[in-house]
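File shown here: target.pdb, holding PDB, C-alpha atoms and all ligand atoms.
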```pdb
MODEL        1
ATOM      1  CA  MET I 328       9.464 -21.624 -20.296  1.00  0.00           C
ATOM      2  CA  ASN I 329      10.567 -24.182 -22.860  1.00  0.00           C
ATOM      3  CA  CYS I 330      10.171 -27.893 -22.206  1.00  0.00           C
ATOM      4  CA  PRO I 331      13.428 -29.141 -20.617  1.00  0.00           C
ATOM      5  CA  TYR I 332      13.170 -32.379 -22.636  1.00  0.00           C
ATOM      6  CA  CYS I 333      12.280 -31.294 -26.157  1.00  0.00           C
ATOM      7  CA  SER I 334      12.547 -27.492 -25.886  1.00  0.00           C
ATOM      8  CA  TYR I 335       9.039 -26.978 -27.168  1.00  0.00           C
ATOM      9  CA  ILE I 336       7.804 -23.495 -26.279  1.00  0.00           C
ATOM     10  CA  ASP I 337       4.359 -24.310 -24.946  1.00  0.00           C
ATOM     11  CA  SER I 338       3.076 -26.288 -21.985  1.00  0.00           C
ATOM     12  CA  LYS I 339      -0.124 -26.549 -19.984  1.00  0.00           C
ATOM     13  CA  VAL I 340      -0.429 -26.136 -16.250  1.00  0.00           C
ATOM     14  CA  ILE I 341      -1.756 -29.287 -14.618  1.00  0.00           C
ATOM     15  CA  ASP I 342      -1.339 -28.198 -11.018  1.00  0.00           C
ATOM     16  CA  SER I 343      -0.596 -24.929  -9.277  1.00  0.00           C
ATOM     17  CA  ARG I 344      -0.084 -24.132  -5.642  1.00  0.00           C
ATOM     18  CA  GLU I 345       1.248 -21.335  -3.538  1.00  0.00           C
ATOM     19  CA  VAL I 346       4.469 -21.954  -1.712  1.00  0.00           C
ATOM     20  CA  ASN I 347       6.301 -19.694   0.743  1.00  0.00           C
ATOM     21  CA  ASP I 348       7.201 -16.795  -1.477  1.00  0.00           C
ATOM     22  CA  GLY I 349       5.743 -17.745  -4.807  1.00  0.00           C
ATOM     23  CA  ILE I 350       3.806 -20.237  -6.907  1.00  0.00           C
ATOM     24  CA  ARG I 351       4.802 -23.771  -7.836  1.00  0.00           C
ATOM     25  CA  ARG I 352       3.378 -24.996 -11.134  1.00  0.00           C
ATOM     26  CA  ARG I 353       3.326 -28.529 -12.462  1.00  0.00           C
ATOM     27  CA  ARG I 354       3.402 -28.384 -16.240  1.00  0.00           C
ATOM     28  CA  GLN I 355       3.049 -30.754 -19.119  1.00  0.00           C
ATOM     29  CA  CYS I 356       4.706 -30.221 -22.487  1.00  0.00           C
ATOM     30  CA  LEU I 357       2.167 -29.907 -25.312  1.00  0.00           C
ATOM     31  CA  ARG I 358       4.425 -31.764 -27.716  1.00  0.00           C
ATOM     32  CA  CYS I 359       6.173 -34.600 -25.838  1.00  0.00           C
ATOM     33  CA  ASP I 360       3.858 -34.775 -22.790  1.00  0.00           C
ATOM     34  CA  SER I 361       6.804 -34.676 -20.394  1.00  0.00           C
ATOM     35  CA  ARG I 362       6.042 -33.173 -17.012  1.00  0.00           C
ATOM     36  CA  PHE I 363       8.147 -30.598 -15.260  1.00  0.00           C
ATOM     37  CA  THR I 364       7.848 -28.065 -12.467  1.00  0.00           C
ATOM     38  CA  THR I 365       8.335 -24.333 -12.482  1.00  0.00           C
ATOM     39  CA  TYR I 366       8.470 -21.870  -9.610  1.00  0.00           C
ATOM     40  CA  GLU I 367       7.428 -18.265  -9.835  1.00  0.00           C
ATOM     41  CA  ARG I 368       8.749 -16.088  -7.094  1.00  0.00           C
ATOM     42  CA  PHE I 369       7.478 -12.672  -6.221  1.00  0.00           C
ATOM     43  CA  GLU I 370      10.074 -10.063  -6.792  1.00  0.00           C
ATOM     44  CA  ARG I 371       9.576  -6.541  -5.584  1.00  0.00           C
ATOM     45  CA  ALA I 372      10.719  -4.099  -8.199  1.00  0.00           C
ATOM     46  CA  SER I 373      13.786  -2.223  -7.137  1.00  0.00           C
ATOM     47  CA  LEU I 374      13.195   1.401  -6.223  1.00  0.00           C
ATOM     48  CA  LEU I 375      16.052   3.848  -6.215  1.00  0.00           C
ATOM     49  CA  VAL I 376      15.993   7.161  -4.422  1.00  0.00           C
ATOM     50  CA  ILE I 377      17.766  10.013  -6.190  1.00  0.00           C
ATOM     51  CA  LYS I 378      19.470  12.083  -3.555  1.00  0.00           C
ATOM     52  CA  LYS I 379      20.124  15.815  -3.704  1.00  0.00           C
ATOM     53  CA  ASP I 380      23.684  15.307  -4.874  1.00  0.00           C
ATOM     54  CA  GLY I 381      22.502  12.979  -7.635  1.00  0.00           C
ATOM     55  CA  ARG I 382      23.617   9.757  -6.024  1.00  0.00           C
ATOM     56  CA  ARG I 383      21.184   6.839  -6.010  1.00  0.00           C
ATOM     57  CA  GLU I 384      20.465   4.531  -3.171  1.00  0.00           C
ATOM     58  CA  GLU I 385      17.972   1.744  -2.616  1.00  0.00           C
ATOM     59  CA  PHE I 386      14.728   2.911  -0.998  1.00  0.00           C
ATOM     60  CA  ASP I 387      15.033   2.190   2.689  1.00  0.00           C
ATOM     61  CA  ARG I 388      11.752   1.923   4.570  1.00  0.00           C
ATOM     62  CA  ASP I 389      13.487   1.799   7.950  1.00  0.00           C
ATOM     63  CA  LYS I 390      15.331   5.004   7.250  1.00  0.00           C
ATOM     64  CA  LEU I 391      12.117   6.783   6.279  1.00  0.00           C
ATOM     65  CA  LEU I 392      10.379   5.370   9.338  1.00  0.00           C
ATOM     66  CA  ALA I 393      13.183   6.606  11.610  1.00  0.00           C
ATOM     67  CA  GLY I 394      12.958  10.122  10.179  1.00  0.00           C
ATOM     68  CA  VAL I 395       9.194  10.364  10.555  1.00  0.00           C
ATOM     69  CA  ARG I 396       9.312   8.776  14.002  1.00  0.00           C
ATOM     70  CA  LYS I 397      11.825  11.359  15.123  1.00  0.00           C
ATOM     71  CA  ALA I 398       9.574  14.185  13.937  1.00  0.00           C
ATOM     72  CA  CYS I 399       6.631  12.635  15.770  1.00  0.00           C
ATOM     73  CA  ASP I 400       8.558  11.995  18.988  1.00  0.00           C
ATOM     74  CA  LYS I 401       6.408  12.543  22.087  1.00  0.00           C
ATOM     75  CA  ARG I 402       3.485  13.788  20.025  1.00  0.00           C
ATOM     76  CA  PRO I 403       0.075  12.476  21.100  1.00  0.00           C
ATOM     77  CA  LEU I 404      -0.493  10.252  18.082  1.00  0.00           C
ATOM     78  CA  ALA I 405      -2.060   6.819  17.787  1.00  0.00           C
ATOM     79  CA  GLY I 406       0.508   4.057  18.269  1.00  0.00           C
ATOM     80  CA  ASP I 407       0.439   2.903  14.679  1.00  0.00           C
ATOM     81  CA  ALA I 408       0.035   6.327  13.067  1.00  0.00           C
ATOM     82  CA  VAL I 409       3.676   6.623  12.064  1.00  0.00           C
ATOM     83  CA  SER I 410       4.108   3.150  10.622  1.00  0.00           C
ATOM     84  CA  LYS I 411       0.792   3.517   8.808  1.00  0.00           C
ATOM     85  CA  LEU I 412       1.952   6.784   7.282  1.00  0.00           C
ATOM     86  CA  VAL I 413       5.155   5.124   6.096  1.00  0.00           C
ATOM     87  CA  ASP I 414       3.208   2.102   4.797  1.00  0.00           C
ATOM     88  CA  ASP I 415       1.009   4.438   2.752  1.00  0.00           C
ATOM     89  CA  ILE I 416       3.978   6.203   1.243  1.00  0.00           C
ATOM     90  CA  GLU I 417       5.785   2.965   0.487  1.00  0.00           C
ATOM     91  CA  ALA I 418       2.701   1.510  -1.209  1.00  0.00           C
ATOM     92  CA  GLU I 419       2.171   4.663  -3.231  1.00  0.00           C
ATOM     93  CA  LEU I 420       5.792   4.736  -4.337  1.00  0.00           C
ATOM     94  CA  TYR I 421       5.736   1.149  -5.567  1.00  0.00           C
ATOM     95  CA  GLN I 422       2.359   1.649  -7.227  1.00  0.00           C
ATOM     96  CA  THR I 423       3.728   4.354  -9.485  1.00  0.00           C
ATOM     97  CA  GLY I 424       5.845   1.666 -11.112  1.00  0.00           C
ATOM     98  CA  LYS I 425       8.769   4.042 -11.427  1.00  0.00           C
ATOM     99  CA  SER I 426      12.225   2.671 -10.735  1.00  0.00           C
ATOM    100  CA  GLU I 427      13.641   5.964  -9.483  1.00  0.00           C
ATOM    101  CA  VAL I 428      12.179   8.726  -7.385  1.00  0.00           C
ATOM    102  CA  PRO I 429      13.779  11.960  -6.153  1.00  0.00           C
ATOM    103  CA  SER I 430      14.212  12.134  -2.374  1.00  0.00           C
ATOM    104  CA  SER I 431      12.455  15.511  -2.496  1.00  0.00           C
ATOM    105  CA  HIS I 432       9.332  13.781  -3.797  1.00  0.00           C
ATOM    106  CA  ILE I 433       9.310  11.413  -0.823  1.00  0.00           C
ATOM    107  CA  GLY I 434       9.885  14.371   1.494  1.00  0.00           C
ATOM    108  CA  ASP I 435       6.898  16.164  -0.007  1.00  0.00           C
ATOM    109  CA  MET I 436       4.746  13.079   0.482  1.00  0.00           C
ATOM    110  CA  VAL I 437       5.716  12.956   4.156  1.00  0.00           C
ATOM    111  CA  MET I 438       5.060  16.680   4.601  1.00  0.00           C
ATOM    112  CA  ALA I 439       1.628  16.472   3.000  1.00  0.00           C
ATOM    113  CA  ARG I 440       0.620  13.702   5.392  1.00  0.00           C
ATOM    114  CA  LEU I 441       2.164  15.230   8.516  1.00  0.00           C
ATOM    115  CA  LYS I 442       0.398  18.487   7.755  1.00  0.00           C
ATOM    116  CA  THR I 443      -2.965  16.835   8.296  1.00  0.00           C
ATOM    117  CA  LEU I 444      -1.710  14.600  11.102  1.00  0.00           C
ATOM    118  CA  ASP I 445       0.185  16.873  13.472  1.00  0.00           C
ATOM    119  CA  HIS I 446       1.480  20.398  12.979  1.00  0.00           C
ATOM    120  CA  ILE I 447       4.405  20.121  15.391  1.00  0.00           C
ATOM    121  CA  ALA I 448       5.627  16.952  13.712  1.00  0.00           C
ATOM    122  CA  TYR I 449       5.186  18.715  10.384  1.00  0.00           C
ATOM    123  CA  ILE I 450       7.302  21.697  11.437  1.00  0.00           C
ATOM    124  CA  ARG I 451       9.964  19.449  12.938  1.00  0.00           C
ATOM    125  CA  PHE I 452      10.186  17.384   9.781  1.00  0.00           C
ATOM    126  CA  ALA I 453      10.117  20.453   7.582  1.00  0.00           C
ATOM    127  CA  SER I 454      12.879  22.162   9.545  1.00  0.00           C
ATOM    128  CA  VAL I 455      15.183  19.224   8.902  1.00  0.00           C
ATOM    129  CA  TYR I 456      14.065  18.361   5.423  1.00  0.00           C
ATOM    130  CA  ARG I 457      13.597  21.842   4.010  1.00  0.00           C
ATOM    131  CA  GLU I 458      16.599  23.109   5.932  1.00  0.00           C
ATOM    132  CA  PHE I 459      14.914  26.372   6.839  1.00  0.00           C
ATOM    133  CA  ALA I 460      17.559  28.936   6.089  1.00  0.00           C
ATOM    134  CA  ASP I 461      16.465  31.365   8.770  1.00  0.00           C
ATOM    135  CA  ILE I 462      13.816  32.111  11.337  1.00  0.00           C
ATOM    136  CA  THR I 463      11.797  34.120   8.821  1.00  0.00           C
ATOM    137  CA  THR I 464      11.233  31.108   6.596  1.00  0.00           C
ATOM    138  CA  LEU I 465      10.257  29.096   9.628  1.00  0.00           C
ATOM    139  CA  LYS I 466       7.913  31.819  10.850  1.00  0.00           C
ATOM    140  CA  GLU I 467       6.194  31.968   7.469  1.00  0.00           C
ATOM    141  CA  GLU I 468       5.622  28.241   7.594  1.00  0.00           C
ATOM    142  CA  VAL I 469       4.256  28.417  11.152  1.00  0.00           C
ATOM    143  CA  ASP I 470       2.071  31.418  10.301  1.00  0.00           C
ATOM    144  CA  SER I 471       0.573  29.659   7.324  1.00  0.00           C
ATOM    145  CA  LEU I 472      -0.127  26.624   9.509  1.00  0.00           C
ATOM    146  CA  ALA I 473      -1.598  28.790  12.252  1.00  0.00           C
ATOM    147  CA  SER I 474      -3.995  30.541   9.887  1.00  0.00           C
ATOM    148  CA  HIS I 475      -4.896  27.205   8.363  1.00  0.00           C
ATOM    149  CA  ALA I 476      -5.517  25.805  11.846  1.00  0.00           C
ATOM    150  CA  ALA I 477      -7.683  28.801  12.717  1.00  0.00           C
ATOM    151  CA  ASN I 478      -9.853  28.065   9.711  1.00  0.00           C
ATOM    152  CA  HIS I 479     -10.040  24.352  10.414  1.00  0.00           C
ATOM    153  CA  SER I 480     -10.158  24.519  14.180  1.00  0.00           C
ATOM    154  CA  ALA I 481     -10.881  21.410  16.171  1.00  0.00           C
ATOM    155  CA  ASP I 482      -9.262  18.671  14.112  1.00  0.00           C
ATOM    156  CA  GLN I 483      -5.704  19.794  14.794  1.00  0.00           C
ATOM    157  CA  LEU I 484      -3.586  19.788  17.890  1.00  0.00           C
ATOM    158  CA  PRO I 485      -2.624  23.226  19.179  1.00  0.00           C
ATOM    159  CA  LEU I 486       0.745  24.616  18.243  1.00  0.00           C
ATOM    160  CA  LEU I 487       3.249  24.568  21.033  1.00  0.00           C
ATOM    161  CA  PRO I 488       5.435  27.547  21.950  1.00  0.00           C
ATOM    162  CA  MET I 489       8.388  28.290  19.708  1.00  0.00           C
ATOM    163  CA  GLU I 490      10.733  26.853  22.352  1.00  0.00           C
ATOM    164  CA  GLU I 491       9.598  23.409  21.258  1.00  0.00           C
ATOM    165  CA  LEU I 492      11.009  23.833  17.798  1.00  0.00           C
ATOM    166  CA  PRO I 493      14.419  22.412  16.984  1.00  0.00           C
ATOM    167  CA  VAL I 494      15.730  25.645  15.566  1.00  0.00           C
ATOM    168  CA  GLN I 495      18.667  27.674  16.753  1.00  0.00           C
ATOM    169  CA  THR I 496      18.259  31.372  16.454  1.00  0.00           C
ATOM    170  CA  LYS I 497      19.500  34.539  17.994  1.00  0.00           C
ATOM    171  CA  THR I 498      16.428  36.481  17.029  1.00  0.00           C
ATOM    172  CA  PRO I 499      14.486  37.634  20.106  1.00  0.00           C
ATOM    173  CA  ARG I 500      11.328  35.620  20.520  1.00  0.00           C
ATOM    174  CA  ARG I 501       9.119  38.480  21.613  1.00  0.00           C
ATOM    175  CA  SER I 502       8.524  41.236  19.166  1.00  0.00           C
ATOM    176  CA  ARG I 503       8.719  44.685  20.696  1.00  0.00           C
ATOM    177  CA  ARG I 504       5.744  46.875  20.255  1.00  0.00           C
TER     178      ARG I 504
HETATM  179 ZN    ZN Q 601       8.542 -31.559 -24.543  1.00  0.00          ZN
ENDMDL
END
```
Mind turning this structure into structure tokens?
Amino acid sequence: MNCPYCSYIDSKVIDSREVNDGIRRRRQCLRCDSRFTTYERFERASLLVIKKDGRREEFDRDKLLAGVRKACDKRPLAGDAVSKLVDDIEAELYQTGKSEVPSSHIGDMVMARLKTLDHIAYIRFASVYREFADITTLKEEVDSLASHAANHSADQLPLLPMEELPVQTKTPRRSRR
């Protein structure tokens, strides 16, 4: 910042302290020795989410949290598991430094984490987010989870009966043999 008295471009910092949401610096002009104060405030870079229809909207942590919380409703998870998951995603998104991110990318990030956290929550989220077109697509997803769970037994919660899933279908549940 230029000196407010003589407009010289350079100054030295003679004092610096943190204030509420930034840093207050006392400066001295290197040419006229005048003293002045500057404030630096932290500004979170704006992050836009590109929706399926191409519209952009500001990333909304609360909205993401609500969606994940809904998927995890009544699941036996640690109290802070959901907010921690959302914190992780938020941090990762801002760390990329990108100003825009497709909503599908955020959805994938949630799915990847739910898959290791809780299979029912994963299927619930996936059924909304992926908009499973039919019961076959859903069954494939469940089957792949089930075989994965069989290979990695104890660390996952058991899958609940199909009745638990928020999917409407007219297909008979029991296959006739
Ligand atoms: Zn000056």
For the contact check between chain I and ligand ZN 601 (chain Q), emit one row per residue of chain I within 7 Å, containing the shortest atom pair and the distance in Å rounded to one decimal, counting all atoms listed in the file, chain then rising number order, as JSON lines.
```
{"residue": "I:Cys330", "atom": "CA", "partner": "Q:ZN601", "partner_atom": "ZN", "distance": 4.6}
{"residue": "I:Pro331", "atom": "CA", "partner": "Q:ZN601", "partner_atom": "ZN", "distance": 6.7}
{"residue": "I:Tyr332", "atom": "CA", "partner": "Q:ZN601", "partner_atom": "ZN", "distance": 5.1}
{"residue": "I:Cys333", "atom": "CA", "partner": "Q:ZN601", "partner_atom": "ZN", "distance": 4.1}
{"residue": "I:Ser334", "atom": "CA", "partner": "Q:ZN601", "partner_atom": "ZN", "distance": 5.9}
{"residue": "I:Tyr335", "atom": "CA", "partner": "Q:ZN601", "partner_atom": "ZN", "distance": 5.3}
{"residue": "I:Cys356", "atom": "CA", "partner": "Q:ZN601", "partner_atom": "ZN", "distance": 4.6}
{"residue": "I:Leu357", "atom": "CA", "partner": "Q:ZN601", "partner_atom": "ZN", "distance": 6.6}
{"residue": "I:Arg358", "atom": "CA", "partner": "Q:ZN601", "partner_atom": "ZN", "distance": 5.2}
{"residue": "I:Cys359", "atom": "CA", "partner": "Q:ZN601", "partner_atom": "ZN", "distance": 4.1}
{"residue": "I:Asp360", "atom": "CA", "partner": "Q:ZN601", "partner_atom": "ZN", "distance": 5.9}
{"residue": "I:Ser361", "atom": "CA", "partner": "Q:ZN601", "partner_atom": "ZN", "distance": 5.5}
```
Which of these, I:Ala477, I:Val346, I:Ala405, I:Val428, has the shortest distance to I:Glu385 once you count only C-alpha atoms?
->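 Ranking I:Ala477, I:Val346, I:Ala405, I:Val428 by distance to I:Glu385, first place goes to I:Val428.
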Up to 12 Å from (9.5, -5.4, -8.5) in the file's coordinates: name the residues, counting only C-alpha atoms, as a VMD selection string.
-> chain I and resid 368 to 375 420 to 426
Distance in Å - atom CA of I:Gly406 versus atom CA of I:Met438 =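 Result for atom CA of I:Gly406 versus atom CA of I:Met438: 19.2 Å, one decimal.
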Please indicate the distance in Å from atom CA of I:Thr463 to atom CA of I:Ser431, rounded to one decimal place.
->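 Atom-to-atom, atom CA of I:Thr463 to atom CA of I:Ser431, that is 21.8 Å.
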Atom CA of I:Val469 to atom CA of I:Ile433, distance in Å rounded to a single decimal |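 Pair atom CA of I:Val469 / atom CA of I:Ile433 returns 21.4 Å.
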Specify the axis-aligned box that encloses all atoms of stretch 466-474 of chain I listed in the file after padding of 3 Å on each side, stating its centre and edge lengths in Å to one decimal as JSON.
```
{"center_x": 2.0, "center_y": 29.3, "center_z": 9.8, "size_x": 17.9, "size_y": 11.3, "size_z": 10.9}
```
Within 12 Å of (7.7, 18.0, 9.3), in the coordinates the file gives, what residues turn up when you count all atoms listed in the file, written out as number ranges by chain?
-> I: 394-400, 434-459, 465, 468-469, 472, 492-493
I:Ser430 environment, 6 Å, all atoms listed in the file, sequence neighbours closer than 6 positions dropped, as a short mmCIF file (atom, residue, chain, number, x, y, z; two decimals) with C-alpha atoms, in the frame of the given file:
```cif
data_model
loop_
_atom_site.label_atom_id
_atom_site.label_comp_id
_atom_site.auth_asym_id
_atom_site.auth_seq_id
_atom_site.Cartn_x
_atom_site.Cartn_y
_atom_site.Cartn_z
CA VAL I 376 15.99 7.16 -4.42
CA ILE I 377 17.77 10.01 -6.19
CA LYS I 378 19.47 12.08 -3.56
#
```
Contacts of I:Ile350 at 10 Å or less, counting all atoms listed in the file, minus same-chain residues fewer than 6 places along, as a PyMOL selection string?
-> chain I and resi 343-344+365-369
Find the residues around I:Ser410 up to 10 Å (all atoms listed in the file counted), leave out those fewer than 4 positions away in its own chain, and share them as a list in words.
->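 Here the qualifying residues turn out to be Arg388, Asp389, Leu391, Leu392, Ala393, Val395, Arg396, Gly406, Asp414, Asp415 and Ile416 of chain I.
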Would you export the selected residues with C-alpha atoms as a compact mmCIF listing (two decimals), in the coordinates of the input, please?
```txt
# COMPACT_ATOMS: atom_id res chain seq x y z
CA ARG I 388 11.75 1.92 4.57
CA ASP I 389 13.49 1.80 7.95
CA LEU I 391 12.12 6.78 6.28
CA LEU I 392 10.38 5.37 9.34
CA ALA I 393 13.18 6.61 11.61
CA VAL I 395 9.19 10.36 10.56
CA ARG I 396 9.31 8.78 14.00
CA GLY I 406 0.51 4.06 18.27
CA ASP I 414 3.21 2.10 4.80
CA ASP I 415 1.01 4.44 2.75
CA ILE I 416 3.98 6.20 1.24
```
From I:Lys466, I:Lys401, I:Arg354, I:Lys379, residue lying nearest I:His432 [only C-alpha atoms] | I:Lys379
